[in-house]
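Colleague: Just my_file13.cif, nothing more (mmCIF, C-alpha atoms):
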data_work
loop_
_atom_site.label_atom_id
_atom_site.label_comp_id
_atom_site.auth_asym_id
_atom_site.auth_seq_id
_atom_site.Cartn_x
_atom_site.Cartn_y
_atom_site.Cartn_z
CA LYS G 1011 20.09 -31.85 55.89
CA LYS G 1012 17.35 -32.44 58.44
CA ALA G 1013 16.68 -36.06 59.32
CA ALA G 1014 13.43 -37.34 57.86
CA PRO G 1015 10.77 -38.77 60.21
CA LYS G 1016 11.07 -42.50 60.86
CA ASN G 1017 7.93 -43.25 58.91
CA GLY G 1018 9.27 -41.23 55.97
CA ARG G 1019 6.41 -38.69 56.14
CA ARG G 1020 6.21 -35.26 57.62
CA GLN G 1021 3.55 -34.60 60.19
CA PRO G 1022 0.60 -32.57 58.89
CA PRO G 1023 0.34 -28.99 60.30
CA ALA G 1024 -2.92 -29.84 62.11
CA ARG G 1025 -1.22 -32.68 64.01
CA LYS G 1026 1.71 -30.47 64.96
CA LYS G 1027 -0.68 -27.81 66.19
CA ARG G 1028 -2.58 -30.35 68.29
CA GLN G 1029 0.63 -31.70 69.80
CA LEU G 1030 1.78 -28.17 70.63
CA THR G 1031 -1.55 -27.41 72.30
CA GLU G 1032 -1.33 -30.57 74.39
CA ALA G 1033 2.22 -29.73 75.43
CA MET G 1034 1.16 -26.22 76.49
CA ALA G 1035 -1.76 -27.60 78.47
CA ALA G 1036 0.60 -29.89 80.37
CA THR G 1037 2.93 -27.04 81.28
CA PRO G 1038 2.80 -26.21 85.01
CA GLY G 1039 1.08 -22.92 85.82
CA ALA G 1040 2.53 -19.97 87.64
CA GLY G 1041 1.61 -21.53 90.96
CA GLY G 1042 3.66 -24.64 90.29
CA ASN G 1043 0.63 -26.88 89.83
CA SER G 1044 1.29 -29.52 87.17
CA ASP G 1045 -2.44 -29.78 86.31
CA PRO G 1046 -3.54 -27.45 83.50
CA GLU G 1047 -5.73 -24.58 84.73
CA ASP G 1048 -9.26 -24.42 83.39
CA ALA G 1049 -9.90 -21.36 81.18
CA SER G 1050 -12.80 -20.08 83.28
CA ALA G 1051 -10.75 -20.53 86.45
CA PHE G 1052 -7.93 -18.49 84.93
CA LEU G 1053 -10.31 -15.67 83.91
CA THR G 1054 -11.79 -15.60 87.41
CA ARG G 1055 -8.47 -15.82 89.24
CA THR G 1056 -6.88 -12.99 87.24
CA ASN G 1057 -10.06 -10.91 86.83
CA PHE G 1058 -9.07 -10.74 83.16
CA LYS G 1059 -12.53 -9.65 81.98
CA SER G 1060 -12.17 -6.48 84.02
CA ILE G 1061 -8.89 -5.77 82.21
CA VAL G 1062 -10.73 -6.02 78.89
CA GLU G 1063 -13.54 -3.82 80.23
CA TRP G 1064 -11.03 -1.22 81.44
CA LEU G 1065 -9.15 -1.06 78.13
CA THR G 1066 -12.44 -0.86 76.21
CA ALA G 1067 -13.71 1.96 78.42
CA GLU G 1068 -10.46 3.91 78.03
CA ALA G 1069 -10.56 3.48 74.26
CA ILE G 1070 -14.18 4.65 73.99
CA LEU G 1071 -13.43 7.60 76.23
CA ASN G 1072 -10.31 8.76 74.39
CA ARG G 1073 -10.90 7.49 70.81
CA PRO G 1074 -7.17 6.99 70.00
CA GLU G 1075 -6.10 7.08 66.34
CA ASP G 1076 -3.92 4.01 66.94
CA PRO G 1077 -5.61 1.73 69.51
CA MET G 1078 -2.66 -0.67 69.58
CA THR G 1079 -0.05 1.87 70.65
CA TYR G 1080 -2.57 3.50 72.98
CA VAL G 1081 -3.22 0.23 74.82
CA ARG G 1082 0.51 -0.49 74.92
CA ASP G 1083 1.29 2.92 76.45
CA LEU G 1084 -1.60 2.65 78.88
CA CYS G 1085 -0.38 -0.73 80.12
CA ASP G 1086 3.19 0.57 80.37
CA MET G 1087 1.94 3.43 82.51
CA LYS G 1088 0.16 1.07 84.90
CA LEU G 1089 3.20 -1.20 85.09
CA CYS G 1090 5.39 1.76 86.02
CA GLU G 1091 2.92 2.82 88.70
CA ARG G 1092 2.84 -0.72 90.06
CA GLY G 1093 6.60 -0.96 90.36
CA ALA G 1094 7.80 -4.18 91.95
CA GLU G 1095 4.38 -5.05 93.33
CA ALA G 1096 2.98 -8.36 92.05
CA TYR G 1097 -0.23 -8.31 90.03
CA ALA G 1098 -3.44 -8.81 91.99
CA ALA G 1099 -6.94 -9.38 90.63
CA ASP G 1100 -8.32 -6.28 92.33
CA HIS G 1101 -5.91 -4.10 90.33
CA ALA G 1102 -8.12 -4.50 87.24
CA THR G 1103 -11.22 -3.56 89.24
CA LYS G 1104 -9.50 -0.39 90.46
CA TYR G 1105 -8.49 0.49 86.90
CA VAL G 1106 -12.13 0.26 85.76
CA GLN G 1107 -13.38 2.30 88.71
CA SER G 1108 -10.73 4.94 88.11
CA CYS G 1109 -11.70 5.22 84.45
CA TYR G 1110 -15.38 5.75 85.30
CA SER G 1111 -14.63 8.30 88.01
CA GLU G 1112 -12.46 10.32 85.60
CA ALA G 1113 -15.25 10.54 83.01
CA ALA G 1114 -17.06 13.33 84.84
CA SER G 1115 -14.02 15.62 84.62
CA LEU G 1116 -13.24 15.12 80.93
CA ALA G 1117 -15.94 17.28 79.32
CA ASP G 1118 -15.30 20.81 78.05
CA GLU G 1119 -17.77 23.66 78.43
CA ASP G 1120 -19.83 22.32 75.52
CA GLY G 1121 -19.98 18.87 77.03
CA ARG G 1122 -17.69 17.19 74.49
CA ILE G 1123 -15.37 14.41 75.57
CA TYR G 1124 -11.85 14.70 74.12
CA GLY G 1125 -9.76 12.53 76.42
CA LYS G 1126 -7.49 12.86 79.40
CA VAL G 1127 -5.57 15.84 78.03
CA VAL G 1128 -8.71 18.00 78.27
CA ARG G 1129 -10.15 18.98 81.61
CA ALA G 1130 -13.41 20.71 82.36
CA PRO G 1131 -12.71 24.43 82.83
CA LYS G 1132 -13.14 25.78 86.33
CA GLY G 1133 -15.85 28.25 87.16
CA VAL G 1134 -18.35 27.04 84.57
CA GLY G 1135 -21.85 27.22 85.99
CA GLY G 1136 -25.51 27.42 85.12
CA ALA G 1137 -26.85 25.67 82.01
CA LYS G 1138 -23.37 24.79 80.75
CA ALA G 1139 -22.47 23.03 83.97
CA GLU G 1140 -25.72 21.07 83.89
CA LYS G 1141 -25.08 20.10 80.28
CA MET G 1142 -21.59 18.89 81.21
CA ARG G 1143 -22.95 16.90 84.11
CA LEU G 1144 -25.54 15.16 81.95
CA LYS G 1145 -22.96 14.41 79.25
CA ALA G 1146 -20.55 12.89 81.73
CA GLU G 1147 -23.33 10.91 83.40
CA ARG G 1148 -24.46 9.43 80.10
CA LEU G 1149 -20.88 8.61 79.14
CA GLU G 1150 -20.38 6.74 82.40
CA ARG G 1151 -23.61 4.80 81.83
CA LEU G 1152 -22.47 3.98 78.30
CA LEU G 1153 -19.11 2.69 79.52
CA LYS G 1154 -20.74 0.52 82.16
CA ALA G 1155 -23.20 -0.81 79.59
CA ALA G 1156 -20.34 -1.61 77.22
CA GLY G 1157 -18.73 -3.82 79.86
CA ASP G 1158 -22.03 -5.56 80.56
CA ILE G 1159 -22.67 -6.17 76.85
CA GLN G 1160 -19.19 -7.61 76.31
CA ARG G 1161 -19.80 -10.11 79.11
CA SER G 1162 -22.84 -11.52 77.29
CA ILE G 1163 -22.68 -15.26 76.64
CA THR G 1164 -24.29 -15.27 73.19
CA PRO G 1165 -24.51 -12.73 70.32
CA ARG G 1166 -28.29 -12.65 70.65
CA GLU G 1167 -28.05 -11.84 74.35
CA ALA G 1168 -25.57 -9.06 73.55
CA CYS G 1169 -27.88 -7.60 70.90
CA ALA G 1170 -30.83 -7.70 73.30
CA LYS G 1171 -28.78 -5.70 75.81
CA VAL G 1172 -27.78 -3.22 73.10
CA VAL G 1173 -31.46 -2.63 72.28
CA GLN G 1174 -32.30 -2.14 75.95
CA VAL G 1175 -29.39 0.27 76.48
CA ALA G 1176 -30.28 2.21 73.32
CA CYS G 1177 -33.81 2.89 74.61
CA ASP G 1178 -32.47 3.84 78.02
CA LEU G 1179 -29.59 6.13 77.02
CA LEU G 1180 -31.43 7.80 74.14
CA ASN G 1181 -34.69 8.12 76.06
CA ALA G 1182 -36.50 6.41 73.19
CA ASP G 1183 -39.70 4.41 73.06
CA ARG G 1184 -38.51 1.54 70.85
CA ALA G 1185 -35.35 0.09 69.32
CA SER G 1186 -34.51 -2.81 67.05
CA ILE G 1187 -31.61 -4.52 65.32
CA PHE G 1188 -31.79 -5.90 61.79
CA THR G 1189 -29.19 -8.26 60.36
CA ALA G 1190 -28.25 -8.45 56.69
CA GLN G 1191 -29.05 -11.68 54.85
CA ASP G 1192 -27.48 -12.89 51.61
CA PRO G 1193 -29.67 -13.04 48.49
CA GLU G 1194 -31.98 -16.08 48.22
CA PHE G 1195 -30.93 -16.53 44.60
CA LYS G 1196 -27.99 -15.41 42.47
CA GLY G 1197 -28.31 -11.76 41.56
CA GLY G 1198 -31.16 -11.24 44.02
CA PRO G 1199 -31.32 -8.34 46.48
CA ARG G 1200 -29.88 -8.46 49.97
CA VAL G 1201 -32.46 -8.11 52.69
CA LEU G 1202 -32.59 -7.17 56.35
CA MET G 1203 -34.17 -9.51 58.88
CA LEU G 1204 -35.48 -8.29 62.22
CA ARG G 1205 -33.25 -9.96 64.81
CA VAL G 1206 -33.92 -8.25 68.13
CA ALA G 1207 -36.58 -5.74 69.14
CA ASP G 1208 -37.79 -4.39 72.46
CA ASP G 1209 -41.30 -5.51 71.42
CA SER G 1210 -41.22 -9.32 71.38
CA ASN G 1211 -44.69 -9.46 69.77
CA LEU G 1212 -43.45 -8.08 66.46
CA PRO G 1213 -43.80 -10.49 63.52
CA THR G 1214 -40.92 -11.56 61.30
CA ILE G 1215 -39.95 -8.56 59.21
CA ARG G 1216 -37.95 -8.60 55.99
CA VAL G 1217 -36.75 -5.32 54.51
CA PRO G 1218 -34.95 -5.20 51.13
CA PHE G 1219 -31.82 -3.07 50.92
CA GLY G 1220 -32.74 0.40 49.67
CA VAL G 1221 -36.35 0.23 50.91
CA GLY G 1222 -37.57 2.28 53.88
CA ILE G 1223 -35.33 3.94 56.44
CA ALA G 1224 -33.54 0.78 57.61
CA GLY G 1225 -33.07 -0.45 54.05
CA THR G 1226 -31.70 2.92 52.95
CA VAL G 1227 -29.16 2.95 55.78
CA ALA G 1228 -28.10 -0.62 54.93
CA ASP G 1229 -27.72 0.33 51.27
CA THR G 1230 -25.88 3.65 51.68
CA GLY G 1231 -24.10 3.21 55.02
CA ASP G 1232 -25.20 6.71 56.05
CA VAL G 1233 -26.82 7.54 59.38
CA CYS G 1234 -30.45 8.70 59.12
CA ASN G 1235 -31.64 11.18 61.74
CA ILE G 1236 -35.26 12.00 60.87
CA HIS G 1237 -37.08 14.58 62.96
CA ASP G 1238 -40.52 14.01 61.39
CA ALA G 1239 -41.00 10.56 59.89
CA TYR G 1240 -44.16 11.39 57.91
CA THR G 1241 -42.44 14.19 56.00
CA ASP G 1242 -39.65 11.91 54.79
CA PRO G 1243 -40.47 10.15 51.49
CA ARG G 1244 -38.31 7.14 52.47
CA PHE G 1245 -40.52 6.33 55.45
CA ASP G 1246 -43.03 3.50 54.92
CA PRO G 1247 -46.12 4.10 57.12
CA ARG G 1248 -47.73 0.70 56.49
CA ALA G 1249 -46.46 -0.80 59.76
CA ASP G 1250 -47.96 2.13 61.68
CA LYS G 1251 -51.32 1.66 59.97
CA GLU G 1252 -51.39 -2.05 60.79
CA SER G 1253 -50.36 -1.64 64.44
CA GLY G 1254 -51.92 1.70 65.32
CA TYR G 1255 -48.54 2.95 66.51
CA LYS G 1256 -47.34 6.33 65.24
CA THR G 1257 -43.67 6.85 64.45
CA GLN G 1258 -42.57 10.43 65.04
CA ASN G 1259 -38.77 10.53 64.85
CA ILE G 1260 -36.16 7.96 63.86
CA LEU G 1261 -32.43 7.47 64.35
CA CYS G 1262 -30.90 4.65 62.33
CA ALA G 1263 -27.23 3.68 61.92
CA PRO G 1264 -25.35 0.92 60.07
CA ILE G 1265 -23.67 -1.97 61.85
CA ARG G 1266 -20.31 -2.84 60.31
CA ASP G 1267 -17.97 -5.77 60.89
CA HIS G 1268 -14.18 -5.59 61.22
CA THR G 1269 -13.82 -5.37 57.43
CA ASN G 1270 -16.19 -2.37 57.31
CA LYS G 1271 -18.87 -4.46 55.58
CA ILE G 1272 -22.45 -3.57 56.53
CA VAL G 1273 -23.91 -6.55 58.40
CA GLY G 1274 -27.02 -4.90 59.78
CA VAL G 1275 -28.60 -1.73 61.13
CA ILE G 1276 -29.73 -0.49 64.53
CA GLN G 1277 -32.83 1.69 64.65
CA VAL G 1278 -34.28 3.75 67.50
CA ILE G 1279 -37.62 5.54 67.26
CA ASN G 1280 -39.66 8.13 69.13
CA LYS G 1281 -37.36 9.98 71.48
CA ASN G 1282 -39.50 11.19 74.36
CA THR G 1283 -37.91 14.62 74.67
CA GLY G 1284 -37.91 15.69 71.01
CA PRO G 1285 -35.77 14.96 67.93
CA PHE G 1286 -32.56 12.98 68.17
CA THR G 1287 -29.37 15.07 68.39
CA ASP G 1288 -25.80 14.83 67.11
CA ASP G 1289 -24.77 13.52 70.52
CA ASP G 1290 -27.39 10.79 70.20
CA GLU G 1291 -25.79 9.80 66.89
CA ASP G 1292 -22.43 9.41 68.66
CA VAL G 1293 -23.99 7.16 71.31
CA LEU G 1294 -25.70 5.02 68.67
CA ALA G 1295 -22.40 4.71 66.77
CA VAL G 1296 -20.80 3.16 69.87
CA LEU G 1297 -23.75 0.83 70.36
CA SER G 1298 -23.63 -0.27 66.72
CA THR G 1299 -19.98 -1.25 67.25
CA LEU G 1300 -20.93 -3.29 70.31
CA ALA G 1301 -23.74 -4.98 68.35
CA ALA G 1302 -21.26 -6.08 65.70
CA ALA G 1303 -18.75 -7.54 68.19
#
Re-express the file's structure as structure tokens.

Modeller:
Amino acid sequence: KKAAPKNGRRQPPARKKRQLTEAMAATPGAGGNSDPEDASAFLTRTNFKSIVEWLTAEAILNRPEDPMTYVRDLCDMKLCERGAEAYAADHATKYVQSCYSEAASLADEDGRIYGKVVRAPKGVGGAKAEKMRLKAERLERLLKAAGDIQRSITPREACAKVVQVACDLLNADRASIFTAQDPEFKGGPRVLMLRVADDSNLPTIRVPFGVGIAGTVADTGDVCNIHDAYTDPRFDPRADKESGYKTQNILCAPIRDHTNKIVGVIQVINKNTGPFTDDDEDVLAVLSTLAAA
């Protein structure tokens, strides 16, 4: 039998956890310094944020079915390449740069990105080559934006960057993010609240689930790609009438958390070069994931 504590009582789990944390903090670091290293100092010294950016970029680029095994194999590959060389902070920076530089060579003749096993065919020219170039360029911009968004200090700052990137990458006039709010009373409807918009002069907007384009997306979880807003019966033109602004086309996608629950929507309107495309939907899907992080 285990000896009972002297005071006859077992230590609560919270106390044990605190003691363990204090013991770990007092453990000398790799450099032999007995003082615990500050978290921010560790992140800076190891360039750890670049490691996260690199792994995120590789995952977005290759879309692995099992991200865990993919990251494991990717790290194993880099460790084998490194050999006996000690880790240096600039390694992570080189990994990120290498990932971005590879993006331009990963599109097929239709401009689709499938991963490192697919290479752009040689001898493709004309309109197809230009389409591939634009696809790869936008992918690289998206990857860089993803790293910038993940380095945001607050969720609101991250969402503001997502809105800015959405307008830029999709060549759209406006974008906004709505967050889902719980019912005000038992049995009441869930509503969307405008959280971030590129137009800071917009008033507070509440949209019930199932109402309008944003409410429909929040209710069904389906992406809405509307080429002509005024021909869609779900579109509510009242905001246009009040502001004098005319909505022409809309792309709206759900924002889901790690449990797949809808926690908001992201909406982009008025693409400057015509209706939104299937490729635009893919870009917005990535941005909606970043908005939920």

Colleague: Here is a test: counting all atoms listed in the file, which residue of G:Lys1171, G:Arg1161, G:Arg1073, G:Lys1104 is nearest to G:Lys1059?

Modeller: G:Arg1161

Colleague: Considering all atoms listed in the file, return as a VMD selection string whatever protein or nucleic-acid residues lie within 12 Å of G:Leu1065, sequence-local ones (same chain, fewer than 3 positions apart) excluded.

Modeller: chain G and resid 1058 to 1062 1068 to 1074 1077 to 1078 1080 to 1085 1088 1102 to 1103 1105 to 1110 1153 1156 to 1157

Colleague: Write out as JSON, numbers by chain the residues lying within 8 Å of G:Arg1266, counting all atoms listed in the file and excluding same-chain residues fewer than 6 positions away.

Modeller: {"G": [1272, 1273, 1274, 1298, 1299, 1302]}

Colleague: Tell me which residues the PyMOL selection byres ((chain G and resi 1230) around 12) grabs here, as JSON, numbers by chain.

Modeller: {"G": [1219, 1220, 1221, 1222, 1223, 1224, 1225, 1226, 1227, 1228, 1229, 1231, 1232, 1233, 1234, 1262, 1263, 1264, 1265, 1271, 1272, 1274, 1275]}

Colleague: How many Å separate atom CA of G:Asp1267 from atom CA of G:Ile1187?

Modeller: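 These atoms are spaced 14.4 Å apart.
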
Colleague: Using all atoms of stretch 1081-1097 of chain G that appear in the file, construct an axis-aligned enclosing box with 5 Å of padding on every side and provide its centre coordinates and edge lengths in Å, rounded to one decimal, as JSON.

Modeller:
{"center_x": 2.3, "center_y": -2.5, "center_z": 84.1, "size_x": 21.0, "size_y": 21.8, "size_z": 28.5}

Colleague: Atom CA of G:Lys1281 to atom CA of G:Arg1184: how many Å, to one decimal?

Modeller: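 Taking atom CA of G:Lys1281 as the start and atom CA of G:Arg1184 as the end point, the length is 8.5 Å.
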